[in-house]
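Asks: This is the structure I want to talk about, given as structure tokens.
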Amino acid sequence: MSRLEAKKPSLCKSEPLTSERVRATLCVLKGILTSSYGPSGRLKQVHSGFGGCVCTTSQSSALLSNLPVTHPILKILTTSMQNHVSCFRDCGLFTAILCCNLIENVQRTGLTPTTVTKLNQHLLSLCTSYLKSESCGCRILVDFSSPQTLLCLVRSIVTSKPACMLTREERDHLSALILRAFLLTIPENTKDRLILGNSIIVPLKGQRVLDSSVLPGILIEMSEIQLMKILPIKKSEAFKVALFCASLSGDLSDTGEGTMVVTYGVSLENAVLEQLLSLGRQLVSDHVDLVVCQKVIHPSLKQFLSMHRVIAIDRVGVALMEPLSKVTATICSLLLCNRNDTAWDELKLTCQTALHVLQLTIKEPCVLLGGGCTETHLAAYIRHKTCNEPESILKDDGCTQTELQLSTEAFCSALESVAGSLEHDGGEVLTDMKYGHFWSAHAEAPSIVNWPDLLSRCGCGLYNSQEELHWSFLKSTRHPFVPQTYLPHEATGSADNLTLDCFTAKLSGLQVAVETANLILDLSYVIEDKN
Amino acid sequence: MSRGGPRKPGLRPPGPCRPREEGRLSPGNSFPEALTSQLPPPAPPLPPPGPPPSGGCLLPPALRAMAATGSVEAALQVAEALETIVSRCLGPEGRQVLCTKPTGEVLLSRDGGRLLGALHLEHPAARLVVAYVSSHLRKTGDGAKTFVVFLCHLLRGLHAMTDGEQDSLASKHMQTHRRHWKNCCRWKLISQFLLTFQTHRLDYIVDHYLSRHFGSIFSSSTKERTLCRSSLESLLAAYFGGRVGRNNRDFMSRLTCDYFFKCMARERGSEEVLDLVDDYFVELSVGVTGLPVSDSRITPGLVLPRDFSVYRPADGDIRIVIVTETVQPLFSTSGSEFILRSEAQFQTSRFWIMERTKAIMKHLQSQNVKLLLSSVKQPDSVIYYSGLAGISVVECLSPEEVSLIRRITGLSPLALPHASSQDEICNTVLVKFCKPLTFRSKRYVHLGVISTSSFIPHCVVLCGPVQGLVEQHRDALHGAFKMLRQLLKDLDLNYLIQTSDQNHTSSPLVYNESDPLPEVVNGSIQRPRQDTVLRNKSKPAKTQTYSDLVVPSVELETCIIPCSAPKVTPTGTYQTDETLRCFSPTKTRINGDNEPFIESNSANSTENTRREISYENLQITKIPGKGNLLPVREKTLEICAAQGHCFSTIPAGCVLPVGGNFEILLHYYLLHYAKKCQQSEETMVSMIIANALLGVPKILYKSKKGNCSFPQIYVRTLHALQTHQPMVSSQTGLESVAGKYQLLTSVLQCLTKILTIDLVINIKRQPQEIYDQDSEEEV
């Protein structure tokens, strides 16, 4: 049918990024994101005047899904980040902050969008190929023979979520639990393909975090009365379970397109119920102990079963059906405790993130140095690369050396400011001139300081300040230098208190951030359909 | 008469958008005023445009005048406003546009067609343009932005040309409506010239002059007609340069090229593959958001966007069946009645139904069927029994998916009433694998179907950070296959030959009225041939001499005179059976099979072998032999000598380097042609078209400086043409000649339509569905 109402013409804006309003909104968004970043990030309380729960968080997934964004450009940015988070669950804030930084820095350079997107793409491919290369100085291969690296990874994730409100002891306890839960989902004897099991997070709100625990198998909630009935389980032999995905409520199935004529006095309901009861009799005679049904069980059948001391549980829902149906596979339940609802929600998100990151790490067995060190190291590498070998980039693109320099500066300082956002307490942020790692100092430092005394360890915890190192402020300009590539083996093996990041998530986050920034910078018009 | 050169920007009428301005495309705002539904006010004072008089056919002269003067001037203003928007997205340096939908979705696009659609224009002229653009896009899949730019320049040229005249005409004594009448006549006349030019002259110029510069997408080194990969890559790179973001261009063109070659079983099956990919592109592509674009890839087999209802892993031979109805028998089918007399009967029936379902699934199992594809939702019992029988089930396939699988494998749906009989089921095929596939926690069914045709099934997985970008890439990829599909078809050209007898063509208008205009269509339509068809291309003036003769090849060879350029060779000299189908018994035919004549210096064997005529980088190859499956590739030229009609083609796979080459070349030859024209109208029309053609290269080279600026390129190209030197292109990449040519004709048709409209009647009525022709009489 043709439209009944004439459509309103659209609103067309040219050069949307130059608009003051867009810049201001982008700046606000960036402010929200940077202030939440990292272990010492500030919490955000999101609440709606119309009611509902108050959400206290510093995680990108919760923040981005709750922020009301109307401008199309911001919408692109936030959707992009949300999509990344729903894929990888980690590095959401990193991606979003980097993207905002890039947009802001590039606009300051005044280069044409075409040039910038071309060069950004080149710089990105430099980054990705370096991160994937053998010589990468910020990547550690995971040694599965010891749990140390994986534990560090989990602890880094748990630590970076301050809204969980955990003490150091609780963090350690929870990290170990998460890792154990994950290990329980790995089947013991795998053939050629590894199929991981599930870990189900069971809420136990109002209890101490230290009471959280992991159990192999599945927990199904049931009322106390039901429990009392079966509690003295005297049987020593196997416990028989019958699992139904079809409804046992006695509704009539599809009878076809034609008509059905029922003679007076014939009751279909009775007929169906009779069938259900004969099913019940069969179950009893088969010595089934537990009947689980995804949908509803007819009350008569339920009563019949309970009379014969068969436990019937219905409406378990589709989410539980999958792990139940492959109960032979590896499943565990993670009983998660926390003091209140808000903190529990945050903790649950954190656990899901950590479990997912562990899965990703199994697929791609390496991790990146965290705590801002990867960012500064990468920036140092890119600076050095474009300064010493600009030909490889310039030869096919027709850009000038100056354009490359400006663009590199924008790109690298965007990376460095992501690392700088980790410091929230007004301290100094520095980088060393040997490894290119990230260091931060306390705010109350005296004006003239002896850096080795003030700084103890770099962001990731790999290097000590007592080495002969030179530092430079992140904001200041410095000569390009070659950051030390090839991590020393002993450094990776022995270190048990490193801050680590998920390789897959961070790499993809880097790519998505640059791609999204390029996309937004390349916009020439915004056409808004006002219908 | 002033020659219609493009006007300088400073002379533009006020109104069209300036950069960095915000506004609504609606009445009452400064932003593109031209796009509002109210027509721009012409010189004489006018009453405000109101609703038309109800029911009256007679309109006040003032309104008529307003509408009419609007038709070219308003169209120009509209076109200029559209041009400013579109030109910033044109070419490799073009940028992206973000479109939001009322639903809140955001879409990124550089697709001209989509942009024009998203604007929801109100102005009648704009809507006319948009309608023409979209019909052009449906045909060719590319060229919307160039369309607008070209149209705008044509209108500018026409406007500039008539500017001077208008002053003399607009004497104060002349009444408004008389002037309007005069204008209408002139525009109508001009549009007729344009139409005549497009249908009779343009093809001649393309065929005679432009064709010598064509390159081919096919590789020349082998005997078979094979697609040259590097040419295809540069063609696609140029295409994607105008459709996706600058940084994804190379990646997307490589992906498309890989996909195309992976899908093609044999070198010769490219047409079939392209048809299939174009028709089923939605089913053959999967979009994944949240991943970087560089994660996009090609997977063998088909990917169905749903999960298994039952999955039973299977190895080895996996046999599949398709069903289009529920496997479980129903109580009653449509139109029948099921009478239930007792509860026992009901239970027996249900029991029987279950047993029957079980039997069917058992039978399928015995036939080694491992996978059941169903276009409908199956009852729980079917799912249950198929699980027991070790058969995986995928439900709710869309009709398109079923049709795609049927087309690839030749599998037809299972007829269920017979399925449980003891006979073997013949409606099964084997698949290589059948397994679940997960992209970002969404599950898909991955099916390794085995093809019986020349299409090897592959799916393309498109990743991107946001849905809008994935959609853009999906559209661009689909458009690329549309474009390739067009490119690999011959495009018919036909024109009136200009004989030495000038009377013949002296009056195109007379001809125009006496004969229905032959439409320029693509190669699929056979034309009735009324006269002898001569299949060689020789000097036009001599055509009639040969018309009724079987000319011995020796004689022909002596007769062929090369065209003006020294190295140009007449090409393609015989026809395959297909083009000869319509011959009437009285017609004679020159059999070129055994005595092909060739005018090149090459020492090729000319007997039943592929002939290769090389001219610079021009490759025209052909394979003789009857019954060949290949479509006509060589240039066939048919001349209906009596009327001077000439039929020819732009052969499949013709390309030119990008960067405005087509435009500058055609510009040059049109100027060349204009000089030789005796008629002033023809000169004028070809001048206007020639100058308008430069609009696109001007935009393409706008950002370039120094040696690569437009004037430099233009002068260099023209010099090369005059001295017969090979042309050098500063840009790598190729574009389809047929696409450009079709674009040109579409624009000219649109322009003639605009020029012939004398009145725009503004009605305020809800759009109504037209049931029959009665509704038109109401108006």
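FYI, nothing fancy with the structure tokens labels: chains A, B, ... in order, residues from 1 per chain, ligands from 1 as they appear.
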Could you write out, as number ranges by chain, all the residues of region 300-345 of chain A that DSSP marks as strand (DSSP E)?

Replies: A: 311-313, 331-338

Asks: For chain B, which residues have at least one atom within 6 Å of chain A, if we go by only C-alpha atoms? Write them as a ChimeraX atom specification, please.

Replies: /B:20,22,24-25,95-102,119-121,247,290,292,330-343,440,465-466

Asks: Can you write just those residues out, N, CA, C and O atoms, as a short mmCIF file (atom, residue, chain, number, x, y, z; two decimals), in the first residue's frame?

Replies:
data_model
loop_
_atom_site.label_atom_id
_atom_site.label_comp_id
_atom_site.auth_asym_id
_atom_site.auth_seq_id
_atom_site.Cartn_x
_atom_site.Cartn_y
_atom_site.Cartn_z
N ARG B 20 28.71 23.81 5.76
CA ARG B 20 28.59 24.20 7.17
C ARG B 20 27.35 25.02 7.43
O ARG B 20 27.38 26.10 7.97
N GLU B 22 23.22 24.51 8.53
CA GLU B 22 22.22 23.55 8.93
C GLU B 22 20.85 24.05 8.53
O GLU B 22 20.61 25.25 8.49
N ARG B 24 16.56 22.78 7.38
CA ARG B 24 15.61 21.75 6.98
C ARG B 24 15.36 21.85 5.51
O ARG B 24 15.31 22.92 4.94
N LEU B 25 15.16 20.70 4.92
CA LEU B 25 14.80 20.71 3.51
C LEU B 25 13.29 20.89 3.42
O LEU B 25 12.56 19.99 3.05
N ARG B 95 33.31 11.27 0.71
CA ARG B 95 33.18 10.96 2.13
C ARG B 95 31.82 10.35 2.44
O ARG B 95 30.96 10.26 1.59
N GLN B 96 31.70 9.96 3.70
CA GLN B 96 30.51 9.21 4.11
C GLN B 96 29.36 10.12 4.52
O GLN B 96 29.57 11.25 4.95
N VAL B 97 28.18 9.59 4.45
CA VAL B 97 27.00 10.27 4.95
C VAL B 97 26.32 9.35 5.96
O VAL B 97 26.26 8.14 5.76
N LEU B 98 25.87 9.95 7.02
CA LEU B 98 25.18 9.19 8.07
C LEU B 98 23.69 9.46 7.94
O LEU B 98 23.27 10.61 7.99
N CYS B 99 22.91 8.43 7.75
CA CYS B 99 21.47 8.62 7.64
C CYS B 99 20.81 7.98 8.86
O CYS B 99 21.14 6.85 9.21
N THR B 100 19.90 8.69 9.47
CA THR B 100 19.15 8.07 10.56
C THR B 100 17.75 7.77 10.07
O THR B 100 17.19 8.49 9.26
N LYS B 101 17.22 6.70 10.58
CA LYS B 101 15.86 6.33 10.22
C LYS B 101 14.94 6.71 11.37
O LYS B 101 15.40 6.86 12.50
N PRO B 102 13.65 6.83 11.08
CA PRO B 102 12.73 7.18 12.17
C PRO B 102 12.74 6.12 13.28
O PRO B 102 12.41 6.41 14.42
N LEU B 119 16.62 11.64 1.69
CA LEU B 119 16.30 13.06 1.82
C LEU B 119 14.79 13.32 1.85
O LEU B 119 14.35 14.38 2.29
N HIS B 120 14.01 12.39 1.37
CA HIS B 120 12.55 12.56 1.28
C HIS B 120 12.19 13.89 0.63
O HIS B 120 11.56 14.75 1.26
N LEU B 121 12.61 14.08 -0.58
CA LEU B 121 12.43 15.37 -1.22
C LEU B 121 10.98 15.63 -1.56
O LEU B 121 10.21 14.72 -1.82
N ASN B 247 39.29 3.74 3.65
CA ASN B 247 40.20 2.77 4.26
C ASN B 247 39.76 1.33 4.07
O ASN B 247 40.52 0.42 4.31
N GLY B 290 30.28 -5.77 15.77
CA GLY B 290 31.13 -5.82 16.95
C GLY B 290 32.56 -6.24 16.64
O GLY B 290 33.42 -6.15 17.51
N PRO B 292 36.03 -5.99 14.01
CA PRO B 292 36.58 -5.08 13.01
C PRO B 292 36.30 -5.57 11.59
O PRO B 292 36.13 -6.78 11.38
N LEU B 330 -1.68 -34.63 10.19
CA LEU B 330 -2.57 -33.84 11.02
C LEU B 330 -3.93 -34.50 11.08
O LEU B 330 -4.25 -35.36 10.25
N PHE B 331 -4.71 -34.10 12.07
CA PHE B 331 -6.05 -34.66 12.19
C PHE B 331 -6.87 -34.40 10.93
O PHE B 331 -7.54 -35.26 10.41
N SER B 332 -6.78 -33.20 10.46
CA SER B 332 -7.58 -32.87 9.29
C SER B 332 -6.81 -31.89 8.44
O SER B 332 -6.12 -31.02 8.96
N THR B 333 -6.93 -32.06 7.16
CA THR B 333 -6.29 -31.10 6.28
C THR B 333 -7.33 -30.09 5.85
O THR B 333 -8.53 -30.27 6.08
N SER B 334 -6.83 -29.04 5.22
CA SER B 334 -7.71 -27.96 4.80
C SER B 334 -8.83 -28.48 3.91
O SER B 334 -8.60 -29.25 2.98
N GLY B 335 -10.05 -28.09 4.23
CA GLY B 335 -11.18 -28.50 3.41
C GLY B 335 -11.79 -29.83 3.82
O GLY B 335 -12.80 -30.24 3.28
N SER B 336 -11.18 -30.50 4.77
CA SER B 336 -11.76 -31.77 5.19
C SER B 336 -12.28 -31.66 6.63
O SER B 336 -12.04 -30.67 7.32
N GLU B 337 -12.96 -32.66 7.06
CA GLU B 337 -13.58 -32.62 8.38
C GLU B 337 -13.21 -33.91 9.13
O GLU B 337 -13.21 -34.99 8.54
N PHE B 338 -12.87 -33.75 10.38
CA PHE B 338 -12.54 -34.94 11.17
C PHE B 338 -13.61 -35.10 12.24
O PHE B 338 -13.79 -34.22 13.07
N ILE B 339 -14.33 -36.19 12.19
CA ILE B 339 -15.42 -36.38 13.15
C ILE B 339 -14.96 -37.29 14.27
O ILE B 339 -14.48 -38.40 14.04
N LEU B 340 -15.11 -36.77 15.49
CA LEU B 340 -14.61 -37.48 16.66
C LEU B 340 -15.81 -38.02 17.43
O LEU B 340 -16.67 -37.27 17.88
N ARG B 341 -15.89 -39.34 17.57
CA ARG B 341 -17.08 -39.91 18.19
C ARG B 341 -16.82 -40.35 19.62
O ARG B 341 -17.72 -40.44 20.42
N SER B 342 -15.60 -40.70 19.92
CA SER B 342 -15.34 -41.16 21.29
C SER B 342 -13.94 -40.78 21.73
O SER B 342 -13.08 -40.45 20.90
N GLU B 343 -13.71 -40.84 23.04
CA GLU B 343 -12.40 -40.52 23.56
C GLU B 343 -11.37 -41.55 23.11
O GLU B 343 -10.22 -41.24 22.84
N ARG B 440 30.01 -14.43 17.25
CA ARG B 440 29.71 -13.62 18.43
C ARG B 440 28.45 -14.11 19.13
O ARG B 440 27.43 -13.45 19.18
N PRO B 465 32.11 -2.74 13.05
CA PRO B 465 31.80 -2.33 14.42
C PRO B 465 30.33 -2.01 14.63
O PRO B 465 29.80 -2.22 15.71
N VAL B 466 29.67 -1.49 13.62
CA VAL B 466 28.25 -1.16 13.77
C VAL B 466 27.44 -1.73 12.61
O VAL B 466 27.96 -1.93 11.51
#

Asks: Do you know which residues are at most 9 Å from Gly137 (chain A) counting only C-alpha atoms, after dropping those on the same chain fewer than 4 positions away, and could you put them as a list in words?

Replies: Tyr130, Leu131, Thr374, His377, Leu378, Tyr435, Pro483, Gln484, Thr485, Tyr486, Leu487 and Pro488 of chain A

Asks: Do you know which residues are at most 6 Å from Val367 (chain A) counting only C-alpha atoms, after dropping those on the same chain fewer than 6 positions away, and could you put them as a PyMOL selection string?

Replies: chain A and resi 139-140+501-503

Asks: One number please: CA of Ser234 (chain B) to CA of Gly479 (chain B), in Å, one decimal.

Replies: 15.9 Å

Asks: What residues in region 218-423 of chain B get the DSSP label alpha helix (DSSP H)? Please answer as a ChimeraX atom specification.

Replies: /B:229-241,249-263,270-279,281-284,343-366,380-388,399-409

Asks: Quick check, in Å to one decimal: how far apart do CA of Thr752 (chain B) and CA of His667 (chain B) lie?

Replies: 19.8 Å

Asks: List the neighbours of Gln328 (chain B) out to 12 Å using only C-alpha atoms; skip same-chain residues closer than 5 positions along the sequence, and give me the result as an NGL selection string.

Replies: (:A and (253-256)) or (:B and (323 or 333 or 350-361 or 376-386 or 416-417 or 419-420))

Asks: Using only C-alpha atoms, which protein or nucleic acid residues come within 9 Å of Glu400 (chain B)? Drop anything in the same chain fewer than 5 positions from it, and give the result as a ChimeraX atom specification.

Replies: /B:280,283,405

Asks: Save the residues we just selected, all heavy atoms, as a short mmCIF file (atom, residue, chain, number, x, y, z; two decimals), in the first residue's frame?

Replies:
data_model
loop_
_atom_site.label_atom_id
_atom_site.label_comp_id
_atom_site.auth_asym_id
_atom_site.auth_seq_id
_atom_site.Cartn_x
_atom_site.Cartn_y
_atom_site.Cartn_z
N TYR B 280 20.50 -14.12 -5.13
CA TYR B 280 20.40 -14.65 -3.77
C TYR B 280 21.41 -14.01 -2.84
O TYR B 280 21.91 -14.65 -1.93
CB TYR B 280 20.61 -16.17 -3.77
CG TYR B 280 19.50 -16.91 -4.47
CD1 TYR B 280 19.63 -17.32 -5.78
CD2 TYR B 280 18.30 -17.16 -3.80
CE1 TYR B 280 18.60 -17.97 -6.43
CE2 TYR B 280 17.28 -17.82 -4.44
CZ TYR B 280 17.43 -18.22 -5.75
OH TYR B 280 16.41 -18.87 -6.38
N GLU B 283 20.87 -14.22 0.96
CA GLU B 283 21.07 -15.54 1.57
C GLU B 283 22.54 -15.90 1.61
O GLU B 283 22.95 -16.74 2.41
CB GLU B 283 20.30 -16.60 0.78
CG GLU B 283 18.82 -16.62 1.04
CD GLU B 283 18.10 -15.41 0.46
OE1 GLU B 283 18.45 -15.00 -0.67
OE2 GLU B 283 17.22 -14.84 1.14
N ILE B 405 18.86 -23.51 -2.20
CA ILE B 405 19.38 -24.87 -2.06
C ILE B 405 18.93 -25.74 -3.22
O ILE B 405 19.70 -26.52 -3.77
CB ILE B 405 18.93 -25.46 -0.70
CG1 ILE B 405 19.61 -24.70 0.44
CG2 ILE B 405 19.28 -26.95 -0.61
CD1 ILE B 405 19.09 -25.05 1.81
#

Asks: Tell me which protein, DNA and RNA residues are within 8 Å of His136 (chain B), counting only C-alpha atoms, leaving out same-chain ones fewer than 5 positions away, and put them as a list of chain:residue names.

Replies: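 Answer for this query is B:Gly141, B:Ala144, B:Leu743, B:Ser746.
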
Asks: Between CA of Lys442 (chain B) and CA of Phe308 (chain B), what distance in Å does the model show, to one decimal?

Replies: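 Between these atoms lies a distance of 12.1 Å.
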
Asks: Using only C-alpha atoms, which of the listed residues (B:Arg406, B:Arg243, B:His153, B:Lys740) sits closest to Gln472 (chain B)?

Replies: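 Nearest to Gln472 (chain B): B:Arg243.
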